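Trainee: This structure is in structure tokens; I'll ask about it shortly.
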Amino acid sequence: IVGDVLGKVGAVVDLGADFRLGDAATYERWYHEPHTAPELLDRFVYGLPELHRDALKGAEAVAAPGCYPTAATLALRPLVDAGLVETTGIIVDAVSGVSGAGRPPKPSSTFCAVDENVEAYGLLDHRHTSEMDMNLGATVLFTPHLVPMNRGILATCYGRPARSGQSTESIMGVLRDAYAGQPFVVVSDRSPSTKATQGSNCAHLSARYDERTDTVIVLSAIDNLVK
């Protein structure tokens, strides 16, 4: 319906996935069906203010990001931009509350299926992988997990350092500098928790460098129903 609405209202904010990706071929690869309005793709701005604030000003068509890509992108993009992590071999391991599955009832999201259970899903082909690749200019291996909570996402992201001499302090410094002017991103030494973000538009970030395995770890928590 977007084609019928654009130009007739002040702005369209699309909450679905149709206009998040930059080209129709990528959409078809990950969503397994042809895009029905490829001519409209270039009219949409990807709606992550921390990355595209200037482009969003006055935009008439905005594609709201996916929940998992929001958490992973905010965690990793400053480090990729600074050349601190390799753009291959990035791993995003994330957990989500049952509200991430949407409101319509389905067997996998009933109380009896979710309570006292943790399950990985979308193995190797979760649709949000394509958004992470796009946002980071990287190749990401993404594994989501459904956990028995109502709302929230916690993403633990792993990457290889792109240069030597890294430390927890240097990585945290890059995150703090990147989000110093962003009111809805909190960078802290504390390990993020989903409960701390509940009902909030804030993303909570922290990072560590593990010298033993030469690995950068970035953690990101959001409320998937708000951020």
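Labeling convention for the structure tokens: chains A, B, ... as they appear, residues from 1 per chain, ligands from 1 in order of appearance.
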Please report, as JSON lines, each residue of segment 112-211 of chain A lying at most 8 Å from segment 82-96 of chain A, together with the nearest pair of atoms and the separation in Å rounded to one decimal; use only C-alpha atoms, and order rows by chain and ascending residue number.
Mentor:
```
{"residue": "A:Leu136", "atom": "CA", "partner": "A:Thr87", "partner_atom": "CA", "distance": 7.7}
{"residue": "A:Gly137", "atom": "CA", "partner": "A:Thr87", "partner_atom": "CA", "distance": 7.0}
{"residue": "A:Ala138", "atom": "CA", "partner": "A:Thr87", "partner_atom": "CA", "distance": 4.5}
{"residue": "A:Thr139", "atom": "CA", "partner": "A:Thr88", "partner_atom": "CA", "distance": 5.1}
{"residue": "A:Val140", "atom": "CA", "partner": "A:Ile90", "partner_atom": "CA", "distance": 4.9}
{"residue": "A:Leu141", "atom": "CA", "partner": "A:Ile91", "partner_atom": "CA", "distance": 4.8}
{"residue": "A:Phe142", "atom": "CA", "partner": "A:Val92", "partner_atom": "CA", "distance": 4.8}
{"residue": "A:Thr143", "atom": "CA", "partner": "A:Asp93", "partner_atom": "CA", "distance": 5.1}
{"residue": "A:Pro144", "atom": "CA", "partner": "A:Ala94", "partner_atom": "CA", "distance": 4.9}
{"residue": "A:His145", "atom": "CA", "partner": "A:Val95", "partner_atom": "CA", "distance": 4.5}
{"residue": "A:Leu146", "atom": "CA", "partner": "A:Ser96", "partner_atom": "CA", "distance": 5.3}
{"residue": "A:Val147", "atom": "CA", "partner": "A:Ser96", "partner_atom": "CA", "distance": 6.0}
{"residue": "A:Met149", "atom": "CA", "partner": "A:Ser96", "partner_atom": "CA", "distance": 7.7}
{"residue": "A:Arg151", "atom": "CA", "partner": "A:Ser96", "partner_atom": "CA", "distance": 6.9}
{"residue": "A:Gly152", "atom": "CA", "partner": "A:Ser96", "partner_atom": "CA", "distance": 5.7}
{"residue": "A:Ile153", "atom": "CA", "partner": "A:Ser96", "partner_atom": "CA", "distance": 4.5}
{"residue": "A:Leu154", "atom": "CA", "partner": "A:Val95", "partner_atom": "CA", "distance": 5.4}
{"residue": "A:Ala155", "atom": "CA", "partner": "A:Ala94", "partner_atom": "CA", "distance": 4.1}
{"residue": "A:Thr156", "atom": "CA", "partner": "A:Asp93", "partner_atom": "CA", "distance": 5.2}
{"residue": "A:Cys157", "atom": "CA", "partner": "A:Val92", "partner_atom": "CA", "distance": 4.4}
{"residue": "A:Tyr158", "atom": "CA", "partner": "A:Ile91", "partner_atom": "CA", "distance": 5.0}
{"residue": "A:Gly159", "atom": "CA", "partner": "A:Ile90", "partner_atom": "CA", "distance": 4.8}
{"residue": "A:Arg160", "atom": "CA", "partner": "A:Val85", "partner_atom": "CA", "distance": 5.4}
{"residue": "A:Pro161", "atom": "CA", "partner": "A:Val85", "partner_atom": "CA", "distance": 4.4}
{"residue": "A:Ala162", "atom": "CA", "partner": "A:Val85", "partner_atom": "CA", "distance": 4.6}
{"residue": "A:Arg163", "atom": "CA", "partner": "A:Leu84", "partner_atom": "CA", "distance": 6.4}
{"residue": "A:Val174", "atom": "CA", "partner": "A:Ala82", "partner_atom": "CA", "distance": 7.7}
```
Trainee: Write out as a ChimeraX atom specification all residues of chain A that backbone DSSP assigns to alpha helix (DSSP H).
Mentor: /A:2-5,24-31,49-56,67-81,111-114,128-136,168-178,194-197
Trainee: If you run DSSP on the backbone, which residues of segment 43-94 of chain A are strand (DSSP E or B), as a PyMOL selection string?
Mentor: chain A and resi 45-46+61-63+85+90-94
Trainee: At a cut-off of 12 Å, using only C-alpha atoms, what residues contact Ser108 of chain A? Leave out same-chain residues fewer than 2 positions from it and give the result as a list in words.
Mentor: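 In the requested form, the answer reads Val98, Ser99, Gly100, Ala101, Gly102, Pro104, Pro105, Lys106, Thr110, Phe111, Cys112, Ala113, Val114, Asp115, Asn117, Val118, Glu119, Ala120, Tyr121, Leu146, Val147 and Pro148 of chain A.
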Trainee: Can you spit out the residues from that selection as a short mmCIF file (atom, residue, chain, number, x, y, z; two decimals), in the first residue's frame, using all heavy atoms?
Mentor:
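Okay, this is what ended up in again-v1.cif:
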```
data_model
loop_
_atom_site.label_atom_id
_atom_site.label_comp_id
_atom_site.auth_asym_id
_atom_site.auth_seq_id
_atom_site.Cartn_x
_atom_site.Cartn_y
_atom_site.Cartn_z
N VAL A 98 9.84 -13.04 23.84
CA VAL A 98 8.85 -13.63 22.95
C VAL A 98 8.10 -12.58 22.14
O VAL A 98 7.55 -12.88 21.07
CB VAL A 98 7.89 -14.53 23.76
CG1 VAL A 98 6.96 -13.68 24.62
CG2 VAL A 98 7.09 -15.44 22.85
N SER A 99 8.07 -11.33 22.60
CA SER A 99 7.38 -10.30 21.83
C SER A 99 8.05 -10.05 20.48
O SER A 99 7.43 -9.49 19.58
CB SER A 99 7.32 -8.99 22.62
OG SER A 99 8.62 -8.55 22.96
N GLY A 100 9.30 -10.46 20.33
CA GLY A 100 9.97 -10.34 19.04
C GLY A 100 9.32 -11.16 17.94
O GLY A 100 9.54 -10.92 16.76
N ALA A 101 8.51 -12.13 18.34
CA ALA A 101 7.83 -12.99 17.37
C ALA A 101 6.52 -12.41 16.89
O ALA A 101 5.84 -13.02 16.07
CB ALA A 101 7.60 -14.38 17.97
N GLY A 102 6.15 -11.23 17.42
CA GLY A 102 4.90 -10.61 16.99
C GLY A 102 3.73 -11.02 17.86
O GLY A 102 3.83 -11.90 18.72
N PRO A 104 0.49 -12.15 16.70
CA PRO A 104 -0.38 -13.28 16.31
C PRO A 104 0.06 -14.57 17.00
O PRO A 104 1.26 -14.87 17.09
CB PRO A 104 -0.17 -13.38 14.80
CG PRO A 104 0.26 -12.00 14.39
CD PRO A 104 1.08 -11.50 15.53
N PRO A 105 -0.88 -15.35 17.50
CA PRO A 105 -0.53 -16.59 18.19
C PRO A 105 0.06 -17.61 17.23
O PRO A 105 -0.38 -17.74 16.08
CB PRO A 105 -1.86 -17.08 18.77
CG PRO A 105 -2.90 -16.43 17.90
CD PRO A 105 -2.33 -15.12 17.48
N LYS A 106 1.06 -18.32 17.70
CA LYS A 106 1.67 -19.39 16.93
C LYS A 106 2.18 -20.44 17.90
O LYS A 106 2.49 -20.13 19.05
CB LYS A 106 2.78 -18.86 16.02
CG LYS A 106 3.82 -18.02 16.72
CD LYS A 106 4.87 -17.48 15.75
CE LYS A 106 4.35 -16.36 14.87
NZ LYS A 106 4.12 -15.09 15.59
N THR A 110 3.64 -19.95 22.36
CA THR A 110 2.72 -20.16 23.46
C THR A 110 3.50 -20.27 24.77
O THR A 110 4.70 -20.53 24.78
CB THR A 110 1.89 -21.43 23.27
OG1 THR A 110 2.77 -22.57 23.29
CG2 THR A 110 1.13 -21.41 21.95
N PHE A 111 2.80 -20.07 25.88
CA PHE A 111 3.46 -20.15 27.18
C PHE A 111 4.16 -21.50 27.38
O PHE A 111 5.30 -21.56 27.82
CB PHE A 111 2.43 -19.93 28.30
CG PHE A 111 3.01 -20.08 29.67
CD1 PHE A 111 3.67 -19.02 30.29
CD2 PHE A 111 2.90 -21.28 30.36
CE1 PHE A 111 4.21 -19.17 31.56
CE2 PHE A 111 3.43 -21.43 31.63
CZ PHE A 111 4.08 -20.37 32.23
N CYS A 112 3.47 -22.57 27.04
CA CYS A 112 4.04 -23.90 27.29
C CYS A 112 5.28 -24.16 26.44
O CYS A 112 6.17 -24.92 26.84
CB CYS A 112 2.99 -24.98 27.00
SG CYS A 112 1.64 -25.00 28.20
N ALA A 113 5.35 -23.52 25.26
CA ALA A 113 6.53 -23.71 24.40
C ALA A 113 7.71 -22.87 24.88
O ALA A 113 8.87 -23.29 24.76
CB ALA A 113 6.19 -23.36 22.96
N VAL A 114 7.44 -21.69 25.41
CA VAL A 114 8.51 -20.75 25.73
C VAL A 114 8.99 -20.86 27.17
O VAL A 114 10.18 -20.72 27.45
CB VAL A 114 8.03 -19.31 25.44
CG1 VAL A 114 9.10 -18.30 25.87
CG2 VAL A 114 7.70 -19.14 23.97
N ASP A 115 8.07 -21.13 28.10
CA ASP A 115 8.44 -21.14 29.51
C ASP A 115 9.49 -22.21 29.80
O ASP A 115 9.41 -23.34 29.32
CB ASP A 115 7.19 -21.40 30.36
CG ASP A 115 7.47 -21.28 31.84
OD1 ASP A 115 8.09 -20.28 32.25
OD2 ASP A 115 7.08 -22.19 32.59
N ASN A 117 12.45 -22.54 28.69
CA ASN A 117 13.07 -23.07 27.47
C ASN A 117 13.90 -22.00 26.79
O ASN A 117 13.53 -20.82 26.80
CB ASN A 117 11.98 -23.56 26.50
CG ASN A 117 12.56 -24.23 25.27
OD1 ASN A 117 13.37 -25.15 25.38
ND2 ASN A 117 12.17 -23.78 24.09
N VAL A 118 15.02 -22.39 26.23
CA VAL A 118 15.82 -21.51 25.37
C VAL A 118 16.09 -22.25 24.07
O VAL A 118 16.48 -23.42 24.09
CB VAL A 118 17.16 -21.12 26.04
CG1 VAL A 118 18.00 -20.27 25.08
CG2 VAL A 118 16.93 -20.38 27.34
N GLU A 119 15.85 -21.57 22.95
CA GLU A 119 15.98 -22.24 21.67
C GLU A 119 16.55 -21.30 20.62
O GLU A 119 16.10 -20.16 20.49
CB GLU A 119 14.61 -22.74 21.21
CG GLU A 119 14.63 -23.52 19.92
CD GLU A 119 13.25 -24.05 19.54
OE1 GLU A 119 12.29 -23.85 20.31
OE2 GLU A 119 13.13 -24.66 18.46
N ALA A 120 17.56 -21.77 19.89
CA ALA A 120 18.08 -21.02 18.75
C ALA A 120 17.16 -21.24 17.56
O ALA A 120 16.56 -22.31 17.40
CB ALA A 120 19.49 -21.47 18.41
N TYR A 121 17.05 -20.24 16.70
CA TYR A 121 16.18 -20.36 15.53
C TYR A 121 16.78 -19.55 14.38
O TYR A 121 17.77 -18.82 14.56
CB TYR A 121 14.76 -19.90 15.84
CG TYR A 121 14.63 -18.43 16.19
CD1 TYR A 121 14.24 -17.49 15.23
CD2 TYR A 121 14.89 -17.97 17.47
CE1 TYR A 121 14.12 -16.14 15.53
CE2 TYR A 121 14.77 -16.63 17.79
CZ TYR A 121 14.39 -15.72 16.83
OH TYR A 121 14.28 -14.40 17.14
N LEU A 146 15.44 -17.52 21.26
CA LEU A 146 14.24 -17.13 21.97
C LEU A 146 14.38 -17.58 23.42
O LEU A 146 14.65 -18.76 23.70
CB LEU A 146 13.01 -17.79 21.34
CG LEU A 146 11.67 -17.53 22.03
CD1 LEU A 146 11.32 -16.04 22.03
CD2 LEU A 146 10.56 -18.35 21.36
N VAL A 147 14.20 -16.62 24.34
CA VAL A 147 14.33 -16.92 25.77
C VAL A 147 13.02 -16.57 26.46
O VAL A 147 12.23 -15.77 25.95
CB VAL A 147 15.50 -16.15 26.41
CG1 VAL A 147 16.81 -16.56 25.75
CG2 VAL A 147 15.32 -14.64 26.30
N PRO A 148 12.75 -17.15 27.63
CA PRO A 148 11.46 -16.96 28.29
C PRO A 148 11.35 -15.64 29.04
O PRO A 148 11.33 -15.56 30.26
CB PRO A 148 11.38 -18.16 29.24
CG PRO A 148 12.80 -18.49 29.54
CD PRO A 148 13.56 -18.20 28.29
#
```
Trainee: Calculated over only C-alpha atoms, which of the candidates A:Leu175, A:Val187, A:Leu219, A:Ala180 has the smallest distance to Arg77 of chain A?
Mentor: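 Of all the options, A:Leu175 lies closest to Arg77 of chain A.
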Trainee: Could you tell me which of A:Glu131, A:Asp18, A:Glu211, A:Glu169 comes closest to Val62 of chain A if we count only C-alpha atoms?
Mentor: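 For Val62 of chain A, the nearest of the candidates is A:Asp18.
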Trainee: Fewer than 4 positions away in the same chain doesn't count, so skip those; otherwise give me all residues within 8 Å of Ser193 of chain A, counting only C-alpha atoms, as a PDB file with all heavy atoms, in the first residue's frame.
Mentor:
```
ATOM      1  N   LEU A 154      19.315  -8.832  24.020  1.00  0.00           N
ATOM      2  CA  LEU A 154      20.718  -8.707  24.412  1.00  0.00           C
ATOM      3  C   LEU A 154      21.558  -9.352  23.323  1.00  0.00           C
ATOM      4  O   LEU A 154      21.410 -10.543  23.052  1.00  0.00           O
ATOM      5  CB  LEU A 154      20.991  -9.377  25.749  1.00  0.00           C
ATOM      6  CG  LEU A 154      22.458  -9.309  26.208  1.00  0.00           C
ATOM      7  CD1 LEU A 154      22.851  -7.869  26.539  1.00  0.00           C
ATOM      8  CD2 LEU A 154      22.695 -10.212  27.422  1.00  0.00           C
ATOM      9  N   THR A 197      16.694  -1.590  30.274  1.00  0.00           N
ATOM     10  CA  THR A 197      16.210  -0.821  29.125  1.00  0.00           C
ATOM     11  C   THR A 197      14.691  -0.839  28.998  1.00  0.00           C
ATOM     12  O   THR A 197      14.139  -0.178  28.118  1.00  0.00           O
ATOM     13  CB  THR A 197      16.789  -1.363  27.808  1.00  0.00           C
ATOM     14  OG1 THR A 197      16.231  -2.661  27.540  1.00  0.00           O
ATOM     15  CG2 THR A 197      18.309  -1.447  27.862  1.00  0.00           C
ATOM     16  N   HIS A 204      21.874   0.242  25.625  1.00  0.00           N
ATOM     17  CA  HIS A 204      22.970   0.194  26.600  1.00  0.00           C
ATOM     18  C   HIS A 204      24.103  -0.646  26.025  1.00  0.00           C
ATOM     19  O   HIS A 204      23.880  -1.792  25.613  1.00  0.00           O
ATOM     20  CB  HIS A 204      22.490  -0.416  27.916  1.00  0.00           C
ATOM     21  CG  HIS A 204      21.535   0.459  28.663  1.00  0.00           C
ATOM     22  ND1 HIS A 204      21.192   0.231  29.981  1.00  0.00           N
ATOM     23  CD2 HIS A 204      20.855   1.573  28.296  1.00  0.00           C
ATOM     24  CE1 HIS A 204      20.342   1.156  30.386  1.00  0.00           C
ATOM     25  NE2 HIS A 204      20.115   1.978  29.376  1.00  0.00           N
ATOM     26  N   ALA A 221      22.142  -3.960  24.749  1.00  0.00           N
ATOM     27  CA  ALA A 221      20.804  -4.299  25.222  1.00  0.00           C
ATOM     28  C   ALA A 221      19.832  -3.218  24.788  1.00  0.00           C
ATOM     29  O   ALA A 221      20.137  -2.027  24.875  1.00  0.00           O
ATOM     30  CB  ALA A 221      20.792  -4.434  26.744  1.00  0.00           C
TER      31      ALA A 221
END
```
Trainee: Atom CA of Ala59 of chain A and atom CA of Val186 of chain A are how many Å apart?
Mentor: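 According to the coordinates, atom CA of Ala59 of chain A and atom CA of Val186 of chain A are separated by 26.2 Å.
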Trainee: Measuring between only C-alpha atoms, which one of A:Tyr46, A:Tyr31, A:Tyr179, A:Tyr209 shows the shortest distance to His128 of chain A?
Mentor: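 Under the stated criterion, the closest residue is A:Tyr31.
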Trainee: Report, in Å with one decimal, the straight-line distance from atom CA of Gly22 of chain A to atom CA of Asp133 of chain A.
Mentor: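 Taking atom CA of Gly22 of chain A as the start and atom CA of Asp133 of chain A as the end point, the length is 11.4 Å.
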Trainee: Using only C-alpha atoms, which of the listed residues (A:Thr73, A:Gly3, A:Lys57, A:Val185) sits closest to Glu39 of chain A?
Mentor: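 That would be A:Gly3, the residue with the smallest distance to Glu39 of chain A.
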Trainee: I need the residue nearest Ser220 of chain A from this list: A:Leu6, A:Ile171, A:Leu76, A:Ala178. Use only C-alpha atoms for the distance.
Mentor: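 For Ser220 of chain A, the nearest of the candidates is A:Leu76.
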Trainee: If you count only C-alpha atoms, which residues fall within 9 Å of Cys67 of chain A, apart from same-chain ones fewer than 3 positions away, as a list in words?
Mentor: Thr70, Ala71, Ala72, Gly100, His128, Ile153, Ile222, Asp223, Asn224, Leu225 and Lys227 of chain A
Trainee: As a list in words, please: the residues near Ala17 of chain A (cut-off 10 Å, only C-alpha atoms, same-chain neighbours under 2 positions excluded).
Mentor: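 The residues satisfying every condition are Asp14, Leu15, Phe19, Arg20, Leu21, Tyr27, Tyr31, Ala63, Ala64, Pro65, Gly66, Arg127, His128 and Glu131 of chain A.
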Trainee: Can you spit out the residues from that selection as an mmCIF file, in the first residue's frame, using N, CA and C atoms?
Mentor:
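out06.cif written:
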```cif
data_model
loop_
_atom_site.group_PDB
_atom_site.id
_atom_site.type_symbol
_atom_site.label_atom_id
_atom_site.label_comp_id
_atom_site.auth_asym_id
_atom_site.auth_seq_id
_atom_site.Cartn_x
_atom_site.Cartn_y
_atom_site.Cartn_z
ATOM 1 N N ASP A 14 7.588 3.120 7.690
ATOM 2 C CA ASP A 14 7.226 1.720 7.455
ATOM 3 C C ASP A 14 7.891 0.846 8.504
ATOM 4 N N LEU A 15 7.073 0.124 9.272
ATOM 5 C CA LEU A 15 7.606 -0.707 10.351
ATOM 6 C C LEU A 15 7.984 -2.108 9.880
ATOM 7 N N PHE A 19 11.326 -1.991 2.973
ATOM 8 C CA PHE A 19 12.162 -0.904 2.451
ATOM 9 C C PHE A 19 13.438 -0.694 3.251
ATOM 10 N N ARG A 20 13.816 -1.692 4.042
ATOM 11 C CA ARG A 20 15.052 -1.581 4.815
ATOM 12 C C ARG A 20 16.291 -1.831 3.970
ATOM 13 N N LEU A 21 16.196 -2.740 3.043
ATOM 14 C CA LEU A 21 17.365 -3.130 2.255
ATOM 15 C C LEU A 21 17.463 -2.267 1.003
ATOM 16 N N TYR A 27 16.717 -8.271 -1.148
ATOM 17 C CA TYR A 27 15.432 -8.573 -0.517
ATOM 18 C C TYR A 27 14.949 -9.969 -0.911
ATOM 19 N N TYR A 31 14.276 -12.806 1.751
ATOM 20 C CA TYR A 31 12.852 -12.931 2.062
ATOM 21 C C TYR A 31 12.131 -13.908 1.140
ATOM 22 N N ALA A 63 12.239 3.858 6.639
ATOM 23 C CA ALA A 63 12.135 2.426 6.910
ATOM 24 C C ALA A 63 12.674 2.161 8.310
ATOM 25 N N ALA A 64 11.797 1.754 9.223
ATOM 26 C CA ALA A 64 12.231 1.478 10.588
ATOM 27 C C ALA A 64 13.121 0.233 10.604
ATOM 28 N N PRO A 65 14.263 0.290 11.291
ATOM 29 C CA PRO A 65 15.170 -0.855 11.319
ATOM 30 C C PRO A 65 14.572 -2.048 12.059
ATOM 31 N N GLY A 66 15.113 -3.211 11.786
ATOM 32 C CA GLY A 66 14.759 -4.392 12.568
ATOM 33 C C GLY A 66 15.348 -4.301 13.963
ATOM 34 N N ARG A 127 16.536 -13.406 8.521
ATOM 35 C CA ARG A 127 16.430 -12.281 7.592
ATOM 36 C C ARG A 127 17.198 -11.046 8.057
ATOM 37 N N HIS A 128 17.314 -10.871 9.357
ATOM 38 C CA HIS A 128 17.994 -9.681 9.856
ATOM 39 C C HIS A 128 19.492 -9.687 9.590
ATOM 40 N N GLU A 131 20.431 -7.090 7.006
ATOM 41 C CA GLU A 131 20.504 -5.704 7.499
ATOM 42 C C GLU A 131 21.827 -5.440 8.201
#
```
Trainee: Can you measure atom CA of Thr168 of chain A to atom CA of Arg208 of chain A for me? One decimal in Å is fine.
Mentor: 4.7 Å
Trainee: Which residue is closest to Cys202 of chain A? Choose from A:Gly165, A:Gly97, A:Pro183, A:Gly47 and count only C-alpha atoms.
Mentor: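 Closest to Cys202 of chain A, using only C-alpha atoms: A:Pro183.
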